[in-house]
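J.: Below you'll find entry.pdb; it's PDB, C-alpha atoms.
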```pdb
MODEL        1
ATOM      1  CA  MET A   1      19.772  15.222  13.018
ATOM      2  CA  ASN A   2      22.855  17.078  14.286
ATOM      3  CA  LYS A   3      23.707  18.451  10.869
ATOM      4  CA  LYS A   4      20.234  19.877  10.418
ATOM      5  CA  TYR A   5      20.390  21.810  13.687
ATOM      6  CA  ASP A   6      23.977  22.965  13.074
ATOM      7  CA  LYS A   7      22.798  24.608   9.894
ATOM      8  CA  LEU A   8      19.640  26.059  11.436
ATOM      9  CA  GLY A   9      21.733  27.424  14.308
ATOM     10  CA  SER A  10      24.095  29.300  12.031
ATOM     11  CA  ASP A  11      21.240  30.518   9.814
ATOM     12  CA  VAL A  12      19.425  32.008  12.792
ATOM     13  CA  PHE A  13      22.679  33.382  14.201
ATOM     14  CA  ASN A  14      23.300  35.231  10.936
ATOM     15  CA  LYS A  15      19.840  36.700  11.080
ATOM     16  CA  VAL A  16      19.760  38.100  14.624
ATOM     17  CA  GLU A  17      21.185  41.423  15.688
ATOM     18  CA  LYS A  18      24.695  41.311  17.193
ATOM     19  CA  ILE A  19      26.252  43.291  19.996
ATOM     20  CA  ASN A  20      29.852  43.822  21.029
ATOM     21  CA  SER A  21      30.858  40.702  22.961
ATOM     22  CA  GLU A  22      33.290  42.564  25.204
ATOM     23  CA  LEU A  23      30.599  44.929  26.371
ATOM     24  CA  PHE A  24      28.481  41.854  27.091
ATOM     25  CA  THR A  25      31.176  39.960  29.057
ATOM     26  CA  LEU A  26      32.201  43.065  30.987
ATOM     27  CA  THR A  27      28.595  43.842  31.903
ATOM     28  CA  TYR A  28      28.110  40.298  33.128
ATOM     29  CA  GLY A  29      31.365  40.480  35.090
ATOM     30  CA  ALA A  30      30.281  43.705  36.763
ATOM     31  CA  LEU A  31      26.977  42.106  37.683
ATOM     32  CA  VAL A  32      28.559  39.037  39.269
ATOM     33  CA  THR A  33      31.109  41.043  41.274
ATOM     34  CA  GLN A  34      28.375  43.369  42.494
ATOM     35  CA  LEU A  35      26.323  40.385  43.655
ATOM     36  CA  ILE A  36      29.343  39.050  45.547
ATOM     37  CA  LYS A  37      29.713  42.414  47.290
ATOM     38  CA  ASP A  38      26.013  42.553  48.120
ATOM     39  CA  TYR A  39      25.573  39.010  49.391
ATOM     40  CA  GLU A  40      28.973  37.924  50.726
ATOM     41  CA  ASP A  41      27.657  34.357  50.962
ATOM     42  CA  ILE A  42      28.712  32.730  47.694
ATOM     43  CA  GLU A  43      25.908  30.175  47.756
ATOM     44  CA  GLN A  44      23.427  33.075  47.732
ATOM     45  CA  VAL A  45      25.181  34.525  44.694
ATOM     46  CA  ASN A  46      24.797  31.219  42.851
ATOM     47  CA  ILE A  47      21.098  31.175  43.719
ATOM     48  CA  LYS A  48      20.544  34.783  42.639
ATOM     49  CA  LEU A  49      22.307  34.225  39.341
ATOM     50  CA  GLU A  50      20.096  31.224  38.711
ATOM     51  CA  GLN A  51      16.952  33.231  39.490
ATOM     52  CA  MET A  52      18.004  36.046  37.204
ATOM     53  CA  GLY A  53      18.604  33.488  34.494
ATOM     54  CA  TYR A  54      15.154  32.023  35.050
ATOM     55  CA  ASN A  55      13.552  35.433  34.559
ATOM     56  CA  ILE A  56      15.490  35.851  31.332
ATOM     57  CA  GLY A  57      14.638  32.328  30.153
ATOM     58  CA  ILE A  58      10.879  32.686  30.455
ATOM     59  CA  ARG A  59      11.016  35.697  28.105
ATOM     60  CA  LEU A  60      13.762  34.566  25.791
ATOM     61  CA  ILE A  61      12.013  31.323  24.816
ATOM     62  CA  GLU A  62       9.422  33.277  22.794
ATOM     63  CA  GLU A  63      12.083  35.039  20.782
ATOM     64  CA  PHE A  64      13.795  31.718  20.249
ATOM     65  CA  LEU A  65      10.593  30.132  18.922
ATOM     66  CA  ALA A  66       9.631  33.153  16.836
ATOM     67  CA  LYS A  67      12.986  33.542  15.116
ATOM     68  CA  SER A  68      14.072  29.925  14.732
ATOM     69  CA  GLY A  69      10.679  28.655  13.565
ATOM     70  CA  ILE A  70      11.277  25.384  15.424
ATOM     71  CA  GLY A  71       8.263  23.204  16.138
ATOM     72  CA  ARG A  72       7.570  20.983  19.106
ATOM     73  CA  CYS A  73      10.347  18.449  19.782
ATOM     74  CA  THR A  74       9.375  14.787  19.603
ATOM     75  CA  ASP A  75      11.504  13.733  22.588
ATOM     76  CA  PHE A  76      13.960  15.043  25.152
ATOM     77  CA  THR A  77      17.003  14.011  23.082
ATOM     78  CA  GLU A  78      15.825  16.316  20.331
ATOM     79  CA  THR A  79      15.278  19.090  22.885
ATOM     80  CA  ALA A  80      18.884  18.677  24.048
ATOM     81  CA  GLU A  81      20.214  18.972  20.498
ATOM     82  CA  VAL A  82      18.104  22.042  19.840
ATOM     83  CA  ILE A  83      19.384  23.771  22.993
ATOM     84  CA  ALA A  84      22.993  22.901  22.218
ATOM     85  CA  LYS A  85      23.076  23.663  18.503
ATOM     86  CA  VAL A  86      20.414  26.299  17.964
ATOM     87  CA  GLY A  87      19.711  27.963  21.334
ATOM     88  CA  PHE A  88      23.307  28.515  22.394
ATOM     89  CA  LYS A  89      24.307  29.507  18.867
ATOM     90  CA  MET A  90      21.518  32.040  18.529
ATOM     91  CA  PHE A  91      22.098  33.856  21.816
ATOM     92  CA  LEU A  92      25.788  33.278  22.611
ATOM     93  CA  GLY A  93      27.297  32.546  19.213
ATOM     94  CA  VAL A  94      28.738  29.183  20.298
ATOM     95  CA  THR A  95      27.486  25.619  20.154
ATOM     96  CA  CYS A  96      27.906  22.966  22.840
ATOM     97  CA  GLN A  97      28.058  19.209  22.939
ATOM     98  CA  VAL A  98      25.478  16.907  24.421
ATOM     99  CA  THR A  99      26.986  13.933  26.248
ATOM    100  CA  ASP A 100      26.493  11.436  29.066
ATOM    101  CA  TRP A 101      22.888  10.440  28.529
ATOM    102  CA  ASP A 102      21.471   8.216  31.236
ATOM    103  CA  THR A 103      19.666   5.037  30.191
ATOM    104  CA  GLU A 104      16.196   6.542  30.465
ATOM    105  CA  LYS A 105      17.176   9.536  28.349
ATOM    106  CA  LYS A 106      16.114  11.967  31.011
ATOM    107  CA  GLU A 107      19.468  13.373  31.953
ATOM    108  CA  PHE A 108      22.352  14.753  29.918
ATOM    109  CA  HIS A 109      25.409  16.978  30.199
ATOM    110  CA  LEU A 110      26.000  20.078  28.116
ATOM    111  CA  ILE A 111      29.695  20.709  27.494
ATOM    112  CA  ILE A 112      30.440  24.317  26.638
ATOM    113  CA  ASP A 113      33.893  24.516  25.088
ATOM    114  CA  ASP A 114      34.071  28.221  24.586
ATOM    115  CA  ASN A 115      31.898  30.021  27.119
ATOM    116  CA  PRO A 116      31.789  33.710  26.178
ATOM    117  CA  LEU A 117      30.651  34.719  29.680
ATOM    118  CA  SER A 118      33.963  33.677  31.198
ATOM    119  CA  ASP A 119      36.307  35.373  28.714
ATOM    120  CA  PHE A 120      38.966  37.394  30.590
ATOM    121  CA  VAL A 121      37.837  35.974  33.945
ATOM    122  CA  GLU A 122      40.259  34.504  36.486
ATOM    123  CA  LEU A 123      38.619  33.322  39.675
ATOM    124  CA  PRO A 124      40.517  34.071  42.886
ATOM    125  CA  ASP A 125      41.420  30.902  44.817
ATOM    126  CA  HIS A 126      38.907  31.410  47.593
ATOM    127  CA  LEU A 127      36.034  31.391  45.085
ATOM    128  CA  LYS A 128      37.127  28.318  43.184
ATOM    129  CA  HIS A 129      34.738  25.358  43.416
ATOM    130  CA  LYS A 130      32.285  27.609  45.269
ATOM    131  CA  LEU A 131      31.122  30.247  42.815
ATOM    132  CA  TYR A 132      29.513  29.007  39.625
ATOM    133  CA  TYR A 133      30.357  32.072  37.638
ATOM    134  CA  SER A 134      28.065  31.289  34.703
ATOM    135  CA  ASN A 135      25.224  29.918  36.817
ATOM    136  CA  ILE A 136      22.861  32.306  35.022
ATOM    137  CA  LEU A 137      22.898  29.819  32.121
ATOM    138  CA  CYS A 138      21.314  27.131  34.318
ATOM    139  CA  GLY A 139      18.474  29.501  35.108
ATOM    140  CA  VAL A 140      17.965  30.449  31.476
ATOM    141  CA  ILE A 141      17.639  26.794  30.450
ATOM    142  CA  ARG A 142      15.248  26.045  33.318
ATOM    143  CA  GLY A 143      13.052  29.089  32.583
ATOM    144  CA  ALA A 144      12.941  28.529  28.848
ATOM    145  CA  LEU A 145      12.037  24.838  29.133
ATOM    146  CA  GLU A 146       9.400  25.510  31.755
ATOM    147  CA  MET A 147       7.530  27.705  29.277
ATOM    148  CA  VAL A 148       7.381  24.803  26.849
ATOM    149  CA  GLN A 149       6.054  22.552  29.629
ATOM    150  CA  MET A 150       9.245  20.752  30.686
ATOM    151  CA  LYS A 151      10.305  20.991  34.287
ATOM    152  CA  VAL A 152      14.058  20.493  34.512
ATOM    153  CA  LYS A 153      16.784  20.826  37.081
ATOM    154  CA  CYS A 154      20.037  22.382  35.908
ATOM    155  CA  THR A 155      23.295  22.360  37.812
ATOM    156  CA  PHE A 156      26.891  23.164  37.113
ATOM    157  CA  VAL A 157      29.080  20.094  37.502
ATOM    158  CA  LYS A 158      32.308  21.605  36.231
ATOM    159  CA  CYS A 159      33.363  25.163  35.679
ATOM    160  CA  SER A 160      36.295  26.011  33.448
ATOM    161  CA  LEU A 161      37.299  28.752  35.889
ATOM    162  CA  SER A 162      37.840  26.320  38.759
ATOM    163  CA  ASP A 163      40.750  24.644  36.927
ATOM    164  CA  ASP A 164      38.677  21.821  35.475
ATOM    165  CA  ASN A 165      39.293  23.004  31.920
ATOM    166  CA  THR A 166      35.760  22.188  30.858
ATOM    167  CA  CYS A 167      32.458  23.799  31.512
ATOM    168  CA  SER A 168      29.692  21.284  32.003
ATOM    169  CA  ILE A 169      26.035  21.690  32.955
ATOM    170  CA  LYS A 170      23.863  18.784  34.012
ATOM    171  CA  VAL A 171      20.233  18.946  32.883
ATOM    172  CA  VAL A 172      17.695  16.549  34.416
ATOM    173  CA  LEU A 173      14.128  16.264  33.155
ATOM    174  CA  GLU A 174      11.912  16.039  36.223
ATOM    175  CA  GLU A 175       8.517  15.970  34.575
ATOM    176  CA  VAL A 176       6.594  17.039  31.532
ATOM    177  CA  LEU A 177       3.794  19.345  32.639
ATOM    178  CA  SER A 178       1.296  17.748  30.307
ATOM    179  CA  ASP A 179      -1.776  19.457  31.741
ATOM    180  CA  LEU A 180      -0.228  22.804  30.815
ATOM    181  CA  VAL A 181       0.383  21.884  27.187
ATOM    182  CA  PRO A 182      -1.725  24.306  25.125
ATOM    183  CA  VAL A 183      -4.766  22.819  23.466
ATOM    184  CA  GLY A 184      -3.949  21.363  20.098
ATOM    185  CA  TYR A 185      -0.444  20.145  20.896
ATOM    186  CA  ASP A 186       0.368  16.625  22.030
TER     187      ASP A 186
ATOM    188  CA  MET B   1      -7.426  45.830   5.581
ATOM    189  CA  ILE B   2      -6.833  44.561   9.114
ATOM    190  CA  TYR B   3      -9.660  45.411  11.509
ATOM    191  CA  SER B   4      -8.417  44.285  14.913
ATOM    192  CA  LEU B   5      -5.719  42.427  16.771
ATOM    193  CA  TYR B   6      -6.225  40.430  19.969
ATOM    194  CA  ILE B   7      -3.561  38.783  22.138
ATOM    195  CA  LEU B   8      -4.513  36.237  24.810
ATOM    196  CA  ASN B   9      -2.157  34.858  27.442
ATOM    197  CA  LYS B  10      -1.990  31.135  28.116
ATOM    198  CA  ALA B  11      -4.794  31.291  30.674
ATOM    199  CA  GLY B  12      -7.063  32.870  28.042
ATOM    200  CA  THR B  13      -7.051  36.397  29.445
ATOM    201  CA  LEU B  14      -6.972  39.261  27.002
ATOM    202  CA  ILE B  15      -3.662  41.090  27.323
ATOM    203  CA  TYR B  16      -3.823  43.286  24.234
ATOM    204  CA  GLN B  17      -6.467  44.572  21.850
ATOM    205  CA  ASN B  18      -6.373  47.286  19.255
ATOM    206  CA  ASP B  19      -8.347  48.322  16.184
ATOM    207  CA  TYR B  20      -6.744  49.313  12.896
ATOM    208  CA  GLY B  21      -9.751  49.685  10.660
ATOM    209  CA  PRO B  22     -13.214  51.210  10.864
ATOM    210  CA  THR B  23     -14.808  49.025  13.546
ATOM    211  CA  GLU B  24     -17.367  49.759  16.148
ATOM    212  CA  LYS B  25     -15.780  50.551  19.523
ATOM    213  CA  LEU B  26     -16.889  48.330  22.375
ATOM    214  CA  SER B  27     -16.426  48.677  26.090
ATOM    215  CA  HIS B  28     -13.241  47.405  27.671
ATOM    216  CA  ASN B  29     -15.149  44.586  29.374
ATOM    217  CA  ALA B  30     -16.711  43.525  26.091
ATOM    218  CA  TYR B  31     -13.265  43.007  24.555
ATOM    219  CA  ILE B  32     -12.223  40.908  27.546
ATOM    220  CA  ARG B  33     -15.405  38.812  27.149
ATOM    221  CA  LEU B  34     -14.778  38.344  23.422
ATOM    222  CA  GLY B  35     -11.241  37.208  24.159
ATOM    223  CA  SER B  36     -12.264  34.650  26.772
ATOM    224  CA  THR B  37     -15.066  33.386  24.555
ATOM    225  CA  PHE B  38     -12.651  32.808  21.717
ATOM    226  CA  HIS B  39     -10.253  31.027  24.059
ATOM    227  CA  SER B  40     -13.019  28.660  25.162
ATOM    228  CA  LEU B  41     -14.268  28.028  21.624
ATOM    229  CA  HIS B  42     -10.721  27.252  20.569
ATOM    230  CA  ALA B  43     -10.400  24.657  23.345
ATOM    231  CA  ILE B  44     -13.829  23.154  22.622
ATOM    232  CA  ALA B  45     -13.112  22.957  18.890
ATOM    233  CA  SER B  46      -9.880  21.136  19.569
ATOM    234  CA  ASN B  47     -11.584  18.620  21.866
ATOM    235  CA  LEU B  48     -14.475  18.018  19.457
ATOM    236  CA  SER B  49     -12.177  17.152  16.596
ATOM    237  CA  PRO B  50     -13.040  13.707  15.184
ATOM    238  CA  ALA B  51      -9.490  13.184  13.942
ATOM    239  CA  GLY B  52      -7.536  12.990  17.163
ATOM    240  CA  SER B  53      -5.345  15.881  18.154
ATOM    241  CA  SER B  54      -6.388  19.086  16.492
ATOM    242  CA  SER B  55      -4.839  22.515  16.510
ATOM    243  CA  GLY B  56      -8.123  24.180  17.482
ATOM    244  CA  ILE B  57      -9.544  27.069  15.479
ATOM    245  CA  GLU B  58      -7.103  28.523  12.993
ATOM    246  CA  LEU B  59      -9.397  30.329  10.613
ATOM    247  CA  ILE B  60     -12.990  31.550  10.625
ATOM    248  CA  GLU B  61     -14.337  32.903   7.357
ATOM    249  CA  THR B  62     -17.507  34.888   6.856
ATOM    250  CA  GLU B  63     -18.791  37.123   4.071
ATOM    251  CA  THR B  64     -17.696  40.272   5.818
ATOM    252  CA  PHE B  65     -14.547  39.344   7.692
ATOM    253  CA  LYS B  66     -12.139  36.565   8.453
ATOM    254  CA  LEU B  67     -10.468  35.732  11.718
ATOM    255  CA  GLN B  68      -7.110  34.011  11.772
ATOM    256  CA  CYS B  69      -5.472  32.657  14.915
ATOM    257  CA  PHE B  70      -1.922  31.660  15.708
ATOM    258  CA  GLN B  71      -1.006  29.872  18.921
ATOM    259  CA  THR B  72       2.619  29.755  20.045
ATOM    260  CA  HIS B  73       4.186  26.707  21.711
ATOM    261  CA  THR B  74       3.993  28.473  25.046
ATOM    262  CA  GLY B  75       0.215  28.890  24.704
ATOM    263  CA  THR B  76      -0.045  32.582  23.859
ATOM    264  CA  LYS B  77      -2.683  33.224  21.180
ATOM    265  CA  PHE B  78      -2.616  35.985  18.591
ATOM    266  CA  TYR B  79      -5.636  36.516  16.390
ATOM    267  CA  ILE B  80      -6.515  39.115  13.855
ATOM    268  CA  ILE B  81      -9.770  40.053  12.266
ATOM    269  CA  ALA B  82      -9.400  41.224   8.704
ATOM    270  CA  ASP B  83     -11.089  41.852   5.410
ATOM    271  CA  PRO B  84     -12.092  38.495   3.808
ATOM    272  CA  ASN B  85      -9.791  39.129   0.841
ATOM    273  CA  HIS B  86      -6.747  40.006   2.893
ATOM    274  CA  PRO B  87      -3.797  37.813   1.750
ATOM    275  CA  ASN B  88      -0.999  36.257   3.832
ATOM    276  CA  LEU B  89      -2.400  36.613   7.313
ATOM    277  CA  ASP B  90       0.045  33.860   8.365
ATOM    278  CA  GLU B  91       2.969  36.113   7.633
ATOM    279  CA  THR B  92       1.338  39.053   9.358
ATOM    280  CA  LEU B  93       0.791  36.982  12.504
ATOM    281  CA  GLN B  94       4.408  35.807  12.421
ATOM    282  CA  SER B  95       5.587  39.426  12.160
ATOM    283  CA  ILE B  96       3.358  40.391  15.079
ATOM    284  CA  TYR B  97       4.833  37.523  17.137
ATOM    285  CA  GLU B  98       8.342  38.813  16.403
ATOM    286  CA  LEU B  99       7.360  42.358  17.374
ATOM    287  CA  TYR B 100       5.922  40.964  20.602
ATOM    288  CA  THR B 101       9.165  39.154  21.454
ATOM    289  CA  ASP B 102      11.228  42.258  20.706
ATOM    290  CA  TYR B 103       9.179  45.135  22.047
ATOM    291  CA  VAL B 104       7.113  43.547  24.801
ATOM    292  CA  LEU B 105       9.118  40.693  26.302
ATOM    293  CA  LYS B 106      12.430  42.543  26.143
ATOM    294  CA  ASN B 107      10.990  45.484  28.017
ATOM    295  CA  PRO B 108      12.200  44.769  31.560
ATOM    296  CA  PHE B 109       9.248  46.672  33.037
ATOM    297  CA  TYR B 110       6.694  44.512  31.291
ATOM    298  CA  GLU B 111       5.381  41.832  33.656
ATOM    299  CA  ILE B 112       4.729  38.665  31.758
ATOM    300  CA  GLU B 113       1.136  37.420  31.440
ATOM    301  CA  MET B 114      -0.116  40.914  32.299
ATOM    302  CA  SER B 115      -1.796  43.359  29.970
ATOM    303  CA  ILE B 116       0.533  45.044  27.504
ATOM    304  CA  ARG B 117       1.135  48.763  27.716
ATOM    305  CA  CYS B 118       4.214  49.426  25.620
ATOM    306  CA  ASP B 119       4.229  52.515  23.399
ATOM    307  CA  LEU B 120       6.941  51.198  21.148
ATOM    308  CA  PHE B 121       4.925  48.023  20.508
ATOM    309  CA  ASP B 122       1.852  50.138  19.652
ATOM    310  CA  TYR B 123       3.914  52.219  17.276
ATOM    311  CA  LYS B 124       5.489  49.221  15.507
ATOM    312  CA  LEU B 125       2.085  47.545  15.158
ATOM    313  CA  GLN B 126       0.588  50.704  13.730
ATOM    314  CA  ARG B 127       3.354  50.754  11.116
ATOM    315  CA  LEU B 128       2.798  47.081  10.302
ATOM    316  CA  LEU B 129      -1.000  46.975  10.317
ATOM    317  CA  GLY B 130      -2.195  50.516   9.739
ATOM    318  CA  ASP B 131      -2.351  51.858   6.213
TER     319      ASP B 131
ENDMDL
END
```
Could I get this structure in the form of structure tokens?
T.:
Amino acid sequence: MNKKYDKLGSDVFNKVEKINSELFTLTYGALVTQLIKDYEDIEQVNIKLEQMGYNIGIRLIEEFLAKSGIGRCTDFTETAEVIAKVGFKMFLGVTCQVTDWDTEKKEFHLIIDDNPLSDFVELPDHLKHKLYYSNILCGVIRGALEMVQMKVKCTFVKCSLSDDNTCSIKVVLEEVLSDLVPVGYD
Amino acid sequence: MIYSLYILNKAGTLIYQNDYGPTEKLSHNAYIRLGSTFHSLHAIASNLSPAGSSSGIELIETETFKLQCFQTHTGTKFYIIADPNHPNLDETLQSIYELYTDYVLKNPFYEIEMSIRCDLFDYKLQRLLGD
């Protein structure tokens, strides 16, 4: 299954339009620092980033479906693979690993080895373990999955900028919104 | 020849309608009614299916036109009404879906689920569907 999505991910990545990654990282950096200036409270910044991500996610899912041609996933493990190998590849140019499944297969960790958002970034000591610099990604995943009728909770467990060396996002499936599934899909 | 394009949001409300061929113009409310009617028929057809889960209406053929519908995984419906001999409506609908993701959803001033007023989308559709 992994191989199939690896290939699909790179096929779609080759097809979509690219932008300069430095412009992208610098723009994101400017946005985060501006939020810190505006809110002062770091917890508020984390929340705002997540909300912005959510608003991106609910739009981006349609482009993802239109350009990848992926159908409905049979279970949540497949969804996780698709996010890690196709979703991340298509929009950020990197893939991540899916690990740490719980026994009910409702909870997993996404390990992002090479997070393009945090290139060039060094967190000052007073922000370490408080600011989740790439928290926007949690929002994007939540928004995108909500549009395909999965309610999830996404949280950062480790951030490579707070000297943990790895970037890890926990995704928990809370419920499948089955009454919102469009007619004709089960 | 493509006659018309309709886009319905997941609640079944018409969010876009345009004509590309010689069709009779109706009132704005009539288009909204047609859209909701199709949405309901689609749901009824799917529930009536004798063979378990059904995709709902995908194609309606008549002597004078055909209607083809495409529903995305998020529940948005696109349907076009075209000449009965028009080939490859599947591909056309897929292209329209891609235009929608690019020129509607990426417009930060477009509010999702609301009716679509994006000039660039109109222009791209005209190039795709008009002669």
J.: Given the file shown, determine the residues that the PyMOL selection byres ((chain A and resi 89-98) around 8) selects; report them as an NGL selection string.
T.: :A and (9-10 or 12-13 or 16 or 64 or 80-81 or 84-88 or 99-100 or 108-116)
J.: Can you write just those residues out, C-alpha atoms, as a JSON list (two decimals), in the frame of the given file?
T.:
```
[["chain", "number", "residue", "atom", "x", "y", "z"],
["A", 9, "GLY", "CA", 21.73, 27.42, 14.31],
["A", 10, "SER", "CA", 24.10, 29.30, 12.03],
["A", 12, "VAL", "CA", 19.42, 32.01, 12.79],
["A", 13, "PHE", "CA", 22.68, 33.38, 14.20],
["A", 16, "VAL", "CA", 19.76, 38.10, 14.62],
["A", 64, "PHE", "CA", 13.80, 31.72, 20.25],
["A", 80, "ALA", "CA", 18.88, 18.68, 24.05],
["A", 81, "GLU", "CA", 20.21, 18.97, 20.50],
["A", 84, "ALA", "CA", 22.99, 22.90, 22.22],
["A", 85, "LYS", "CA", 23.08, 23.66, 18.50],
["A", 86, "VAL", "CA", 20.41, 26.30, 17.96],
["A", 87, "GLY", "CA", 19.71, 27.96, 21.33],
["A", 88, "PHE", "CA", 23.31, 28.52, 22.39],
["A", 99, "THR", "CA", 26.99, 13.93, 26.25],
["A", 100, "ASP", "CA", 26.49, 11.44, 29.07],
["A", 108, "PHE", "CA", 22.35, 14.75, 29.92],
["A", 109, "HIS", "CA", 25.41, 16.98, 30.20],
["A", 110, "LEU", "CA", 26.00, 20.08, 28.12],
["A", 111, "ILE", "CA", 29.70, 20.71, 27.49],
["A", 112, "ILE", "CA", 30.44, 24.32, 26.64],
["A", 113, "ASP", "CA", 33.89, 24.52, 25.09],
["A", 114, "ASP", "CA", 34.07, 28.22, 24.59],
["A", 115, "ASN", "CA", 31.90, 30.02, 27.12],
["A", 116, "PRO", "CA", 31.79, 33.71, 26.18]]
```
J.: For range 36-40 of chain B, please output as a list in words all residues within 10 Å (counting all atoms listed in the file; exclusion window: fewer than 3 positions along the same chain).
T.: Val183 of chain A; Leu8, Asn9, Lys10, Ala11, Gly12, Thr13, Leu14, Ala30, Tyr31, Ile32, Arg33, Ala43, Ile44, Ala45, Ser46, Gly56, Ile57, Cys69, Lys77 and Tyr79 of chain B
J.: Between A:Val148, A:Lys153, A:Ser118, A:Thr166, which is the closest to Arg72 in chain A once you count only C-alpha atoms?
T.: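 Closest candidate: A:Val148.
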J.: I'd like the neighbourhood of range 95-110 of chain B as a compact mmCIF listing (two decimals) with C-alpha atoms, in the coordinates of the input, where a residue qualifies if any of its atoms comes within 8 Å (using all atoms listed in the file), though same-chain residues fewer than 3 positions away should be ignored.
T.:
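Once written, selection_11.txt looks like this:
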```
# COMPACT_ATOMS: atom_id res chain seq x y z
CA ARG A 59 11.02 35.70 28.10
CA LEU A 60 13.76 34.57 25.79
CA GLU A 62 9.42 33.28 22.79
CA GLU A 63 12.08 35.04 20.78
CA ALA A 66 9.63 33.15 16.84
CA LYS A 67 12.99 33.54 15.12
CA PHE B 78 -2.62 35.98 18.59
CA GLU B 91 2.97 36.11 7.63
CA THR B 92 1.34 39.05 9.36
CA MET B 114 -0.12 40.91 32.30
CA ILE B 116 0.53 45.04 27.50
CA ARG B 117 1.14 48.76 27.72
CA CYS B 118 4.21 49.43 25.62
CA LEU B 120 6.94 51.20 21.15
CA PHE B 121 4.92 48.02 20.51
CA LYS B 124 5.49 49.22 15.51
CA LEU B 125 2.08 47.54 15.16
```
J.: Determine the residue membership of the ChimeraX specification (/B :<12) & /A for the file above and supply it as a VMD selection string.
T.: chain A and resid 16 to 17 52 55 to 73 143 to 150 177 179 to 186
J.: What is the distance, in Å and to one decimal place, between CA of Leu131 in chain A and CA of Asn46 in chain A?
T.: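 Interatomic distance here is 6.4 Å.
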J.: Which polymer residues, whether protein, DNA or RNA, lie within 12 Å of the coordinate (31.5, 37.9, 28.4) when you count only C-alpha atoms? List them as a list in words, using the chain letters and numbers from the file.
T.: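 Those residues lying close to the given coordinates are Ile19, Asn20, Ser21, Glu22, Leu23, Phe24, Thr25, Leu26, Thr27, Tyr28, Gly29, Ala30, Leu31, Val32, Leu92, Gly93, Asp114, Asn115, Pro116, Leu117, Ser118, Asp119, Phe120, Val121, Tyr133 and Ser134 of chain A.
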J.: So the first atom is CA of Thr103 in chain A and the second is CA of Lys7 in chain A; what is the distance between them in Å, to one decimal place?
T.: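 Atom-to-atom, CA of Thr103 in chain A and CA of Lys7 in chain A are spaced 28.4 Å apart.
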J.: Edge lengths and centre in Å to one decimal, as lines of an AutoDock Vina configuration file, is what I'm after for the box along x, y and z that holds all listed atoms of range 11-28 of chain B once 5 Å is added on each side.
T.:
```
center_x = -10.5
center_y = 41.3
center_z = 20.7
size_x = 23.7
size_y = 29.9
size_z = 30.0
```
J.: Which one is closest to Gly21 in chain B: B:Ile81, B:Ile7, B:Ile2, B:Leu129? Count only C-alpha atoms.
T.: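 The closest residue to Gly21 in chain B is B:Ile2.
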J.: Work out how far CA of Asp163 in chain A is from CA of Lys128 in chain A, in Å to one decimal.
T.: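 Taking CA of Lys128 in chain A and CA of Asp163 in chain A, their separation equals 8.1 Å.
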J.: Apply the PyMOL selection byres ((chain B and resi 4) around 9) to the file shown and report the selected residues as a PyMOL selection string.
T.: chain B and resi 2-3+5-6+17-21+23+79-82
J.: Hey, what's within 12 Å of Asn135 in chain A if we count only C-alpha atoms and toss same-chain stuff fewer than 6 positions away? As an MDAnalysis selection string, please?
T.: chainID A and resid 28 32 42:54 115 117:118 141:142 154:159 167:170
J.: Include C-alpha atoms and write out the residues we just selected as a short mmCIF file (atom, residue, chain, number, x, y, z; two decimals), in the frame of the given file.
T.:
```cif
data_model
loop_
_atom_site.label_atom_id
_atom_site.label_comp_id
_atom_site.auth_asym_id
_atom_site.auth_seq_id
_atom_site.Cartn_x
_atom_site.Cartn_y
_atom_site.Cartn_z
CA TYR A 28 28.11 40.30 33.13
CA VAL A 32 28.56 39.04 39.27
CA ILE A 42 28.71 32.73 47.69
CA GLU A 43 25.91 30.18 47.76
CA GLN A 44 23.43 33.08 47.73
CA VAL A 45 25.18 34.52 44.69
CA ASN A 46 24.80 31.22 42.85
CA ILE A 47 21.10 31.18 43.72
CA LYS A 48 20.54 34.78 42.64
CA LEU A 49 22.31 34.22 39.34
CA GLU A 50 20.10 31.22 38.71
CA GLN A 51 16.95 33.23 39.49
CA MET A 52 18.00 36.05 37.20
CA GLY A 53 18.60 33.49 34.49
CA TYR A 54 15.15 32.02 35.05
CA ASN A 115 31.90 30.02 27.12
CA LEU A 117 30.65 34.72 29.68
CA SER A 118 33.96 33.68 31.20
CA ILE A 141 17.64 26.79 30.45
CA ARG A 142 15.25 26.04 33.32
CA CYS A 154 20.04 22.38 35.91
CA THR A 155 23.30 22.36 37.81
CA PHE A 156 26.89 23.16 37.11
CA VAL A 157 29.08 20.09 37.50
CA LYS A 158 32.31 21.60 36.23
CA CYS A 159 33.36 25.16 35.68
CA CYS A 167 32.46 23.80 31.51
CA SER A 168 29.69 21.28 32.00
CA ILE A 169 26.04 21.69 32.96
CA LYS A 170 23.86 18.78 34.01
#
```
